[in-house]
>>> print(open('target_4.pdb').read())   # PDB, C-alpha atoms
MODEL        1
ATOM      1  CA  MET N1009     -71.177 -43.135 -20.690
ATOM      2  CA  ALA N1010     -74.767 -44.125 -21.339
ATOM      3  CA  ARG N1011     -75.334 -47.563 -22.744
ATOM      4  CA  GLU N1012     -76.602 -47.900 -26.280
ATOM      5  CA  ARG N1013     -80.314 -48.660 -26.352
ATOM      6  CA  ARG N1014     -79.785 -51.563 -28.677
ATOM      7  CA  ARG N1015     -76.930 -53.184 -30.465
ATOM      8  CA  LEU N1016     -76.415 -51.446 -33.782
ATOM      9  CA  SER N1017     -76.165 -53.566 -36.901
ATOM     10  CA  ALA N1018     -73.966 -53.019 -39.926
ATOM     11  CA  GLU N1019     -77.175 -52.014 -41.734
ATOM     12  CA  ASP N1020     -77.796 -49.276 -39.139
ATOM     13  CA  TRP N1021     -74.358 -47.856 -39.797
ATOM     14  CA  ALA N1022     -74.800 -48.118 -43.564
ATOM     15  CA  GLU N1023     -78.170 -46.358 -43.298
ATOM     16  CA  ALA N1024     -76.652 -43.521 -41.285
ATOM     17  CA  ALA N1025     -73.739 -43.268 -43.713
ATOM     18  CA  LEU N1026     -76.097 -43.078 -46.688
ATOM     19  CA  GLN N1027     -78.069 -40.319 -44.959
ATOM     20  CA  ALA N1028     -74.848 -38.434 -44.251
ATOM     21  CA  LEU N1029     -73.758 -38.882 -47.859
ATOM     22  CA  GLY N1030     -76.985 -37.257 -49.042
ATOM     23  CA  ASP N1031     -76.734 -34.466 -46.483
ATOM     24  CA  GLY N1032     -73.119 -33.483 -46.957
ATOM     25  CA  GLY N1033     -71.421 -35.521 -49.650
ATOM     26  CA  LEU N1034     -68.727 -38.145 -49.322
ATOM     27  CA  ALA N1035     -66.715 -36.085 -46.812
ATOM     28  CA  ALA N1036     -69.664 -36.241 -44.390
ATOM     29  CA  VAL N1037     -69.293 -40.009 -44.059
ATOM     30  CA  ALA N1038     -67.005 -39.891 -41.016
ATOM     31  CA  VAL N1039     -66.954 -42.323 -38.117
ATOM     32  CA  GLU N1040     -67.065 -39.975 -35.121
ATOM     33  CA  PRO N1041     -69.959 -37.764 -36.303
ATOM     34  CA  LEU N1042     -71.925 -40.860 -37.318
ATOM     35  CA  ALA N1043     -71.286 -42.468 -33.939
ATOM     36  CA  ALA N1044     -72.581 -39.317 -32.249
ATOM     37  CA  ARG N1045     -75.650 -39.277 -34.494
ATOM     38  CA  LEU N1046     -76.367 -42.906 -33.683
ATOM     39  CA  GLY N1047     -75.616 -42.552 -29.979
ATOM     40  CA  ALA N1048     -72.957 -45.212 -30.420
ATOM     41  CA  THR N1049     -69.289 -45.701 -29.706
ATOM     42  CA  LYS N1050     -66.453 -46.060 -32.184
ATOM     43  CA  GLY N1051     -66.139 -49.588 -30.844
ATOM     44  CA  SER N1052     -69.559 -50.357 -32.304
ATOM     45  CA  PHE N1053     -68.324 -49.167 -35.664
ATOM     46  CA  TYR N1054     -65.167 -51.289 -35.574
ATOM     47  CA  TRP N1055     -67.215 -54.323 -34.593
ATOM     48  CA  HIS N1056     -68.784 -54.198 -38.063
ATOM     49  CA  PHE N1057     -66.261 -52.420 -40.285
ATOM     50  CA  ALA N1058     -62.514 -52.499 -40.681
ATOM     51  CA  ASN N1059     -62.318 -48.847 -41.712
ATOM     52  CA  ARG N1060     -64.192 -45.905 -43.199
ATOM     53  CA  GLU N1061     -63.797 -47.219 -46.733
ATOM     54  CA  ALA N1062     -65.702 -50.380 -45.770
ATOM     55  CA  LEU N1063     -68.510 -48.210 -44.393
ATOM     56  CA  VAL N1064     -68.632 -46.159 -47.593
ATOM     57  CA  THR N1065     -68.830 -49.398 -49.577
ATOM     58  CA  ALA N1066     -71.729 -50.607 -47.419
ATOM     59  CA  ALA N1067     -73.566 -47.307 -47.895
ATOM     60  CA  LEU N1068     -73.059 -47.482 -51.659
ATOM     61  CA  GLU N1069     -74.348 -51.049 -51.753
ATOM     62  CA  LEU N1070     -77.433 -49.963 -49.817
ATOM     63  CA  TRP N1071     -77.962 -47.113 -52.289
ATOM     64  CA  GLU N1072     -77.554 -49.522 -55.201
ATOM     65  CA  ARG N1073     -80.099 -51.990 -53.806
ATOM     66  CA  ARG N1074     -82.688 -49.304 -53.110
ATOM     67  CA  SER N1075     -82.271 -46.981 -56.052
ATOM     68  CA  THR N1076     -81.768 -49.578 -58.761
ATOM     69  CA  GLU N1077     -82.456 -53.213 -57.914
ATOM     70  CA  ALA N1078     -85.555 -52.576 -55.784
ATOM     71  CA  THR N1079     -86.936 -50.166 -58.380
ATOM     72  CA  ILE N1080     -86.449 -52.648 -61.205
ATOM     73  CA  ALA N1081     -87.961 -55.469 -59.142
ATOM     74  CA  SER N1082     -91.034 -53.363 -58.367
ATOM     75  CA  LEU N1083     -91.769 -52.951 -62.077
ATOM     76  CA  THR N1084     -92.221 -56.667 -62.709
ATOM     77  CA  VAL N1085     -95.913 -56.359 -61.786
ATOM     78  CA  GLU N1086     -96.483 -54.516 -65.093
ATOM     79  CA  ALA N1087     -96.336 -56.610 -68.253
ATOM     80  CA  ASP N1088     -96.407 -53.766 -70.783
ATOM     81  CA  PRO N1089     -92.963 -52.192 -71.389
ATOM     82  CA  VAL N1090     -94.415 -48.778 -72.250
ATOM     83  CA  GLN N1091     -96.228 -48.699 -68.942
ATOM     84  CA  ARG N1092     -93.060 -49.756 -67.117
ATOM     85  CA  LEU N1093     -91.286 -46.830 -68.778
ATOM     86  CA  ARG N1094     -94.129 -44.549 -67.709
ATOM     87  CA  MET N1095     -93.904 -45.853 -64.138
ATOM     88  CA  LEU N1096     -90.167 -45.163 -64.046
ATOM     89  CA  PHE N1097     -90.512 -41.577 -65.217
ATOM     90  CA  THR N1098     -93.517 -40.897 -63.013
ATOM     91  CA  ARG N1099     -91.590 -42.036 -59.952
ATOM     92  CA  ALA N1100     -88.500 -40.058 -60.889
ATOM     93  CA  ALA N1101     -90.436 -36.902 -61.727
ATOM     94  CA  GLY N1102     -92.695 -37.201 -58.684
ATOM     95  CA  ARG N1103     -89.782 -37.220 -56.241
ATOM     96  CA  GLY N1104     -90.214 -33.611 -55.229
ATOM     97  CA  GLU N1105     -87.215 -33.459 -52.927
ATOM     98  CA  GLY N1106     -84.930 -34.830 -55.596
ATOM     99  CA  ASN N1107     -82.401 -37.504 -54.711
ATOM    100  CA  PRO N1108     -79.550 -35.958 -52.693
ATOM    101  CA  ALA N1109     -77.758 -39.280 -52.072
ATOM    102  CA  GLU N1110     -77.677 -40.031 -55.781
ATOM    103  CA  LEU N1111     -76.334 -36.581 -56.598
ATOM    104  CA  ALA N1112     -73.666 -36.988 -53.918
ATOM    105  CA  VAL N1113     -72.637 -40.343 -55.374
ATOM    106  CA  ARG N1114     -72.353 -38.841 -58.852
ATOM    107  CA  ALA N1115     -70.394 -35.874 -57.483
ATOM    108  CA  ALA N1116     -67.857 -38.343 -56.076
ATOM    109  CA  ALA N1117     -67.564 -40.276 -59.342
ATOM    110  CA  THR N1118     -63.773 -40.042 -59.428
ATOM    111  CA  ASN N1119     -63.360 -41.569 -55.963
ATOM    112  CA  ASP N1120     -61.777 -45.031 -56.153
ATOM    113  CA  THR N1121     -64.476 -46.612 -53.981
ATOM    114  CA  VAL N1122     -67.405 -44.851 -55.622
ATOM    115  CA  ALA N1123     -66.375 -45.141 -59.286
ATOM    116  CA  PRO N1124     -66.883 -48.905 -59.820
ATOM    117  CA  VAL N1125     -70.234 -48.913 -58.013
ATOM    118  CA  LEU N1126     -71.501 -45.925 -59.960
ATOM    119  CA  ARG N1127     -70.375 -47.459 -63.253
ATOM    120  CA  ARG N1128     -72.099 -50.749 -62.382
ATOM    121  CA  VAL N1129     -75.325 -48.951 -61.447
ATOM    122  CA  MET N1130     -75.363 -46.863 -64.615
ATOM    123  CA  GLN N1131     -74.715 -49.927 -66.774
ATOM    124  CA  ARG N1132     -77.492 -51.820 -64.999
ATOM    125  CA  ARG N1133     -79.983 -48.987 -65.448
ATOM    126  CA  VAL N1134     -79.163 -48.349 -69.079
ATOM    127  CA  GLY N1135     -79.203 -52.083 -69.757
ATOM    128  CA  TYR N1136     -82.669 -52.331 -68.237
ATOM    129  CA  LEU N1137     -83.872 -49.439 -70.392
ATOM    130  CA  VAL N1138     -82.375 -51.031 -73.504
ATOM    131  CA  GLY N1139     -84.426 -54.130 -72.711
ATOM    132  CA  LEU N1140     -87.595 -52.051 -72.388
ATOM    133  CA  PHE N1141     -87.077 -50.360 -75.739
ATOM    134  CA  GLU N1142     -86.325 -53.696 -77.366
ATOM    135  CA  GLU N1143     -89.551 -55.104 -75.901
ATOM    136  CA  ILE N1144     -91.384 -52.130 -77.372
ATOM    137  CA  GLY N1145     -90.023 -53.175 -80.751
ATOM    138  CA  PHE N1146     -86.914 -51.116 -81.468
ATOM    139  CA  GLY N1147     -83.821 -52.812 -82.867
ATOM    140  CA  PRO N1148     -80.752 -53.147 -80.626
ATOM    141  CA  ALA N1149     -78.904 -50.057 -81.874
ATOM    142  CA  GLU N1150     -81.963 -47.793 -81.695
ATOM    143  CA  ALA N1151     -82.957 -49.257 -78.319
ATOM    144  CA  ALA N1152     -79.470 -48.411 -77.010
ATOM    145  CA  ARG N1153     -79.712 -44.824 -78.288
ATOM    146  CA  ARG N1154     -83.142 -44.277 -76.752
ATOM    147  CA  ALA N1155     -82.092 -45.900 -73.488
ATOM    148  CA  MET N1156     -79.175 -43.491 -73.226
ATOM    149  CA  LEU N1157     -81.465 -40.556 -74.007
ATOM    150  CA  ALA N1158     -83.944 -41.736 -71.363
ATOM    151  CA  HIS N1159     -81.228 -42.095 -68.757
ATOM    152  CA  THR N1160     -79.789 -38.707 -69.631
ATOM    153  CA  ALA N1161     -83.251 -37.176 -69.174
ATOM    154  CA  TYR N1162     -83.502 -38.860 -65.779
ATOM    155  CA  LEU N1163     -80.097 -37.531 -64.700
ATOM    156  CA  GLY N1164     -80.919 -34.012 -65.852
ATOM    157  CA  HIS N1165     -84.281 -34.114 -64.120
ATOM    158  CA  GLY N1166     -82.642 -35.086 -60.838
ATOM    159  CA  GLU N1167     -80.076 -32.308 -61.098
ATOM    160  CA  LEU N1168     -82.707 -29.642 -61.788
ATOM    161  CA  GLU N1169     -85.126 -30.837 -59.126
ATOM    162  CA  THR N1170     -82.441 -30.906 -56.441
ATOM    163  CA  ARG N1171     -80.267 -27.950 -57.417
ATOM    164  CA  LEU N1172     -83.004 -25.632 -58.723
ATOM    165  CA  PRO N1173     -86.337 -26.703 -57.193
ATOM    166  CA  GLY N1174     -89.392 -25.431 -59.019
ATOM    167  CA  THR N1175     -87.790 -25.069 -62.438
ATOM    168  CA  LEU N1176     -89.498 -28.142 -63.893
ATOM    169  CA  PRO N1177     -93.057 -27.683 -65.231
ATOM    170  CA  LEU N1178     -94.660 -30.054 -62.732
ATOM    171  CA  ASP N1179     -97.066 -27.522 -61.239
ATOM    172  CA  ARG N1180     -98.261 -26.104 -64.547
ATOM    173  CA  ALA N1181    -101.171 -27.180 -66.750
ATOM    174  CA  GLY N1182    -101.572 -30.923 -66.626
ATOM    175  CA  GLY N1183     -99.007 -31.323 -63.865
ATOM    176  CA  LEU N1184     -96.941 -34.451 -63.513
ATOM    177  CA  PRO N1185     -98.964 -36.659 -65.916
ATOM    178  CA  ALA N1186     -98.629 -34.113 -68.735
ATOM    179  CA  TYR N1187     -94.919 -33.760 -68.102
ATOM    180  CA  VAL N1188     -94.376 -37.528 -68.193
ATOM    181  CA  ASP N1189     -96.513 -37.757 -71.346
ATOM    182  CA  SER N1190     -94.315 -35.192 -73.076
ATOM    183  CA  VAL N1191     -91.132 -37.075 -72.152
ATOM    184  CA  LEU N1192     -92.557 -40.385 -73.378
ATOM    185  CA  THR N1193     -93.811 -38.813 -76.594
ATOM    186  CA  LEU N1194     -90.236 -37.847 -77.414
ATOM    187  CA  LEU N1195     -88.734 -41.163 -76.346
ATOM    188  CA  LEU N1196     -91.311 -43.222 -78.249
ATOM    189  CA  ALA N1197     -91.418 -41.160 -81.432
ATOM    190  CA  ASP N1198     -91.675 -43.465 -84.465
ATOM    191  CA  ALA N1199     -92.166 -46.414 -82.154
ATOM    192  CA  PRO N1200     -93.693 -49.617 -83.521
ATOM    193  CA  ARG N1201     -97.484 -49.708 -83.531
ATOM    194  CA  GLN N1202     -97.715 -51.779 -80.350
ATOM    195  CA  ALA N1203     -96.201 -48.905 -78.376
ATOM    196  CA  GLU N1204     -98.468 -46.328 -79.959
ATOM    197  CA  GLU N1205    -101.537 -48.316 -78.998
ATOM    198  CA  ALA N1206    -100.468 -49.104 -75.449
ATOM    199  CA  PRO N1207    -103.089 -48.048 -72.881
ATOM    200  CA  ARG N1208    -102.283 -45.290 -70.410
TER     201      ARG N1208
ENDMDL
END
>>> encode(input="target_4.pdb", output="structure tokens")
Amino acid sequence: MARERRRLSAEDWAEAALQALGDGGLAAVAVEPLAARLGATKGSFYWHFANREALVTAALELWERRSTEATIASLTVEADPVQRLRMLFTRAAGRGEGNPAELAVRAAATNDTVAPVLRRVMQRRVGYLVGLFEEIGFGPAEAARRAMLAHTAYLGHGELETRLPGTLPLDRAGGLPAYVDSVLTLLLADAPRQAEEAPR
């Protein structure tokens, strides 16, 4: 048997598992196929993980860091909450290939390992959006309603872009900027004056 080119880390395995999750759903996260993909042995896997469930957990944590925490952290460069909201929707809408890993995670929402991570991620995202709408000037109850609407729009966008590519009006007049403008117009309707006057 050929030697592995380098010693694989737990992160390497988690990366491969996350890729497999996006390609084929939770069932595709299996030790032997991943070992073959990585050119590794099952011994390498068991060096890092006790079982498949531990690998799934590591992949989910990697997804959480990238899709939520890293995204939120990247927005701190922008002081204006309206512009942060615009940045979020522009990134989400501009992801032409959709987000297969995210859809696979949501499809496995009833799985005992996936469920608590997915709930935590959704609460974190909605909580962040609530904070944005409160910064814009909405009261807590209205901020919560608009945050939920914004997150629902994001989820629906991802489903359409991945399941039915080309159905969103991103290639029509005005393209992506016009599409994002229309979403924000709805989300910021009757917003306090500071939001209305925010630069684009």
>>> residues_around(input="target_4.pdb", residues="Val1064 of chain N", least_positions_apart="2", cutoff="9 Å", atoms="all atoms listed in the file", output="list in words")
Ala1022, Ala1025, Leu1026, Leu1029, Leu1034, Val1037, Arg1060, Glu1061, Ala1062, Ala1066, Ala1067, Leu1068, Glu1069, Thr1121 and Val1122 of chain N
>>> atom_distance(input="target_4.pdb", atom1="atom CA of Ala1155 of chain N", atom2="atom CA of Gly1183 of chain N")
24.3 Å
>>> closest_residue(input="target_4.pdb", among="N:Met1130, N:Ala1116, N:Leu1157, N:Val1188", to="Val1090 of chain N", atoms="all atoms listed in the file")
N:Val1188
>>> closest_residue(input="target_4.pdb", among="N:Phe1141, N:Tyr1136, N:Phe1146, N:Trp1071", to="Glu1110 of chain N", atoms="only C-alpha atoms")
N:Trp1071
>>> closest_residue(input="target_4.pdb", among="N:Ala1100, N:Ala1199, N:Ile1144, N:Ala1117", to="Leu1184 of chain N", atoms="all atoms listed in the file")
N:Ala1100
>>> resolve_selection(input="target_4.pdb", expression="the PyMOL selection byres ((chain N and resi 1137) around 10)", output="list of chain:residue names")
N:Pro1089, N:Arg1092, N:Leu1093, N:Leu1096, N:Gln1131, N:Arg1132, N:Arg1133, N:Val1134, N:Gly1135, N:Tyr1136, N:Val1138, N:Gly1139, N:Leu1140, N:Phe1141, N:Glu1142, N:Glu1143, N:Ala1151, N:Ala1152, N:Arg1154, N:Ala1155, N:Met1156, N:Leu1157, N:Ala1158, N:His1159
>>> atom_distance(input="target_4.pdb", atom1="atom CA of Arg1099 of chain N", atom2="atom CA of Glu1169 of chain N")
13.0 Å
>>> residues_around(input="target_4.pdb", residues="segment 1052-1059 of chain N", least_positions_apart="5", cutoff="12 Å", atoms="only C-alpha atoms", output="list in words")
Arg1011, Glu1012, Arg1014, Arg1015, Leu1016, Ser1017, Ala1018, Glu1019, Asp1020, Trp1021, Ala1022, Ala1024, Ala1025, Val1037, Ala1038, Val1039, Glu1040, Pro1041, Leu1042, Ala1043, Ala1044, Leu1046, Gly1047, Val1064, Thr1065, Ala1066 and Ala1067 of chain N
>>> atom_distance(input="target_4.pdb", atom1="atom CA of Arg1074 of chain N", atom2="atom CA of Ala1109 of chain N")
11.2 Å
>>> closest_residue(input="target_4.pdb", among="N:Thr1175, N:Thr1049, N:Ser1190, N:Asn1107", to="Leu1163 of chain N", atoms="only C-alpha atoms")
N:Asn1107
>>> closest_residue(input="target_4.pdb", among="N:Leu1083, N:Ala1048, N:Leu1196, N:Leu1063", to="Arg1153 of chain N", atoms="only C-alpha atoms")
N:Leu1196
>>> axis_aligned_box(input="target_4.pdb", around="segment 1110-1127 of chain N", padding_each_side="8 Å", output="AutoDock Vina command-line options")
--center_x -69.7 --center_y -42.4 --center_z -58.6 --size_x 31.9 --size_y 29.0 --size_z 25.3
